[in-house]
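Undergrad: First, the structure itself, so that you have it in front of you.
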Amino acid sequence: MMSLTADSPVHSSSSDDFAAFLDAELDSASDVSPELDEVENGEAEGEEEVEDEGNDTGDGDDDDDDGSIDSSRSKKRKIELIEAAVDPQSSVSRGEPAETSGASLALDVCTHPGVMGGMCIRCGQKVEDESGVAFGYIHKNLRLADDEVARLRDKDLKNLLRHKKLILVLDLDHTLLNSTRLADISAEESYLKDQREVLPDALRNNLFKLDWIHMMTKLRPFVHTFLKEASSLFEMYIYTMGERPYALEMASLLDPGGIYFHSRVIAQSDSTRRHQKGLDVVLGQESAVLILDDTEVVWGKHRENLILMDRYHFFTSSCRQFGLKCKSLTEQKSDENEAEGALASVLGVLQRIHRLFFDPERGDNIMERDVRQVLKTVRKEVLKGCKIVFTGVIPIQCQPENHHYWKLAEKLGATFSTEVDESVTHVVSMNDKTEKSRQALREKKFLVHPRWIEAANYLWRKPPEENFPVSS
Amino acid sequence: MFFHIVLERNMQLHPRHFGRDLREKLVSKLMKDVEGTCSGRHGFIVAITGIESVGKGLIRDGTGFVTFPVKYQCVVFRPFKGEILEAVVTMVNKLALLHLPIDIYPCGILQMGFFAEAGPVQIFVSNHLIPDDMEFQSGDVPNYTTSDGSVKIQKESEVRLKIIGTRVDATEIFCIGTIKDDFLGVISDPGTNA
């Protein structure tokens, strides 16, 4: 038990000396203002103590910009520095000044590659500069200069390629999971709250009620297998437009062991531009990054890295939000097919891209390979061999080459024709009354709805044509 | 560095405590109020070791509360530039989500450096200040390892480092450290102990 009486045995003059020493030390550091009255007695004898202590703790190469232990010593050193500058020959004979000036020279040239908590991460100097990119998801007070980001990316790339890995940036909502606010749960799905027994096991285990953030979250079927498989091929980031606490909460559901994402969880507040996602806050080389997201527009500059995902709508509120009138999965008490769902098919694509990227047969330099090119090639194979005629799809005033479906089909490797001739395989039509539609039926060509192309884009293979009939 | 110093604080006490054990009440309230807090000037107050004096109480107008000036001795911890410290490699931002187990979020070993803690002080060691022969290894357990694999820094490792910059705020102390110098680096590895 410590003594808390007035005449404590610990009380001695030495504590005053320490207080005085601390005062002397703190007075030299200008960034804190005095807030308490100090014990003044013993100041005079304290000075001597300070001098001794200072010499013990002061380090040889300690620079003297803010924390010099005792003022007289730094003054002495400054004088020596001046002497050294005036008379370079004398510095040769004396070791100390030369060493000190060398150290301060090194500090002068520090380019301040990054700033954390107002201090340079390399030299420890105070830096007020607000330039560079903020990496708030790594540490709340971290900023990195562009050069440093480039250096880290380069280093990271070498490290990744040595481990035969690429980078995968994952969106949360509608890609890996679906969330709804508890207040938005409709009457029809209220069974989710209180009678979860009616749900099959697989579904129930991936449904989470998070009372503290007033949300209910359903993980997409196959997501655990997906993450496990993908983690062996990719270093994974989460990048969401959600708030940070939400993002971390979701990360803990997806990755309860904390092995997939570590600190790589990027939330809305980390983006450098509002309503946009950008790879500028991802410490990975763009040529090695793939993105999975259900929203294309947010990835303004990085669409070439993007693999667009079919949206996962589990809750009714999510369907309504996107203006879908169909019955939600909750109302049907069912779920996306695990083995044939979007995540399963995209995993196959990712594995294929990874295989092609690291193909030992390729002769080129691995550092110069670009995953975007590989993605393009793989995408081109989806509708390879399909020759498409559009009818009743593209408005007459529109340049066909600029139309959404045309561009999409082109990206997927299809070729086009304006007439239904021998070589044509598919006629894409909005209704079966047009001349070309009827011709297609006559000549036993596939007659499909434009959604067939979109489905191909999501499934990464030719979807069964009979599922996309053209209504009259 | 630890210091044993005398600090003063004005303590307000509710009149219901005025009695035989007024002094004990005052002391226990003082301990509750100041231990574990951080003053930008003196560093972290680790523990109160004794009471120097309790001055005359002054009754506040209108409230009945009495203010006592209390001088107390305490142990404070404040890191200085140039100081050598022993620290444990930890996670970043562990305050992120308080209801989660703290070993989940997020790991403090990164491509750009690592985070360590010495008691309440958080220290960042950037990869500029990690010896050049130590390389970052990503994976399930991110770490820094020498090319021959003999030295490894990972979560929970104890390192000896030198402070090269400190930033003292009213509530926290943050430091930049280095292990790129003689006699600095890993002093114990969780892997070998387990």
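Chain lettering (A, B, ...) mirrors the order of the structure tokens, residue numbering begins at 1 for each chain separately, and ligand numbering begins at 1 in order of display.
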Please give the complete set of residues from stretch 91-290 of chain A that DSSP, run on the backbone, assigns to alpha helix (DSSP H), formatted as a PyMOL selection string.
TA: chain A and resi 91-93+95-108+146-162+191-194+201-205+223-231+244-254
Undergrad: Could you check which of A:Leu441, A:Leu375, A:Cys386, A:Val346 is closest to A:Leu459, using only C-alpha atoms?
TA: A:Val346
Undergrad: May I have all residues of chain B that DSSP, computed from the backbone, assigns to strand (DSSP E), given as a ChimeraX atom specification?
TA: /B:2-13,38-39,43-54,58-59,66-77,84-89,109-110,113-118,121-126,134-137,143-146,152-153,158-168,173-178,185-188
Undergrad: If you count only C-alpha atoms, which residues fall within 12 Å of B:Asp169, apart from same-chain ones fewer than 4 positions away, as a count of residues only?
TA: 18
Undergrad: Rounded to one decimal in Å, what is the spacing between atom CA of A:Leu308 and atom CA of A:Val389?
TA: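 Pair atom CA of A:Leu308 / atom CA of A:Val389 returns 24.5 Å.
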Undergrad: Need the shell around A:Asp270: protein/DNA/RNA residues with any atom at most 12 Å away, counting only C-alpha atoms. Skip same-chain ones fewer than 3 positions apart. Format as a VMD selection string?
TA: chain A and resid 133 to 143 238 to 244 247 264 to 267 273 to 282
Undergrad: Between A:Tyr246, A:Phe390, A:Phe222, A:Trp299, which residue has the minimum interatomic distance to chain B, considering only C-alpha atoms?
TA: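 Between A:Tyr246, A:Phe390, A:Phe222, A:Trp299, the residue approaching chain B most closely is A:Tyr246.
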Undergrad: Give me, please, the distance in Å between atom CA of A:Ile259 and atom CA of A:Glu235, quoted to one decimal.
TA: 10.6 Å
Undergrad: Could you list, as number ranges by chain, every residue within 6 Å of A:Arg220, counting only C-alpha atoms and ignoring same-chain residues fewer than 2 positions away?
TA: A: 176-177, 223
Undergrad: Under the rule that only C-alpha atoms are counted, which of B:Ile109, B:Met134, B:Val88, B:Val159 is the nearest residue to chain A?
TA: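 For chain A, the nearest of the candidates is B:Ile109.
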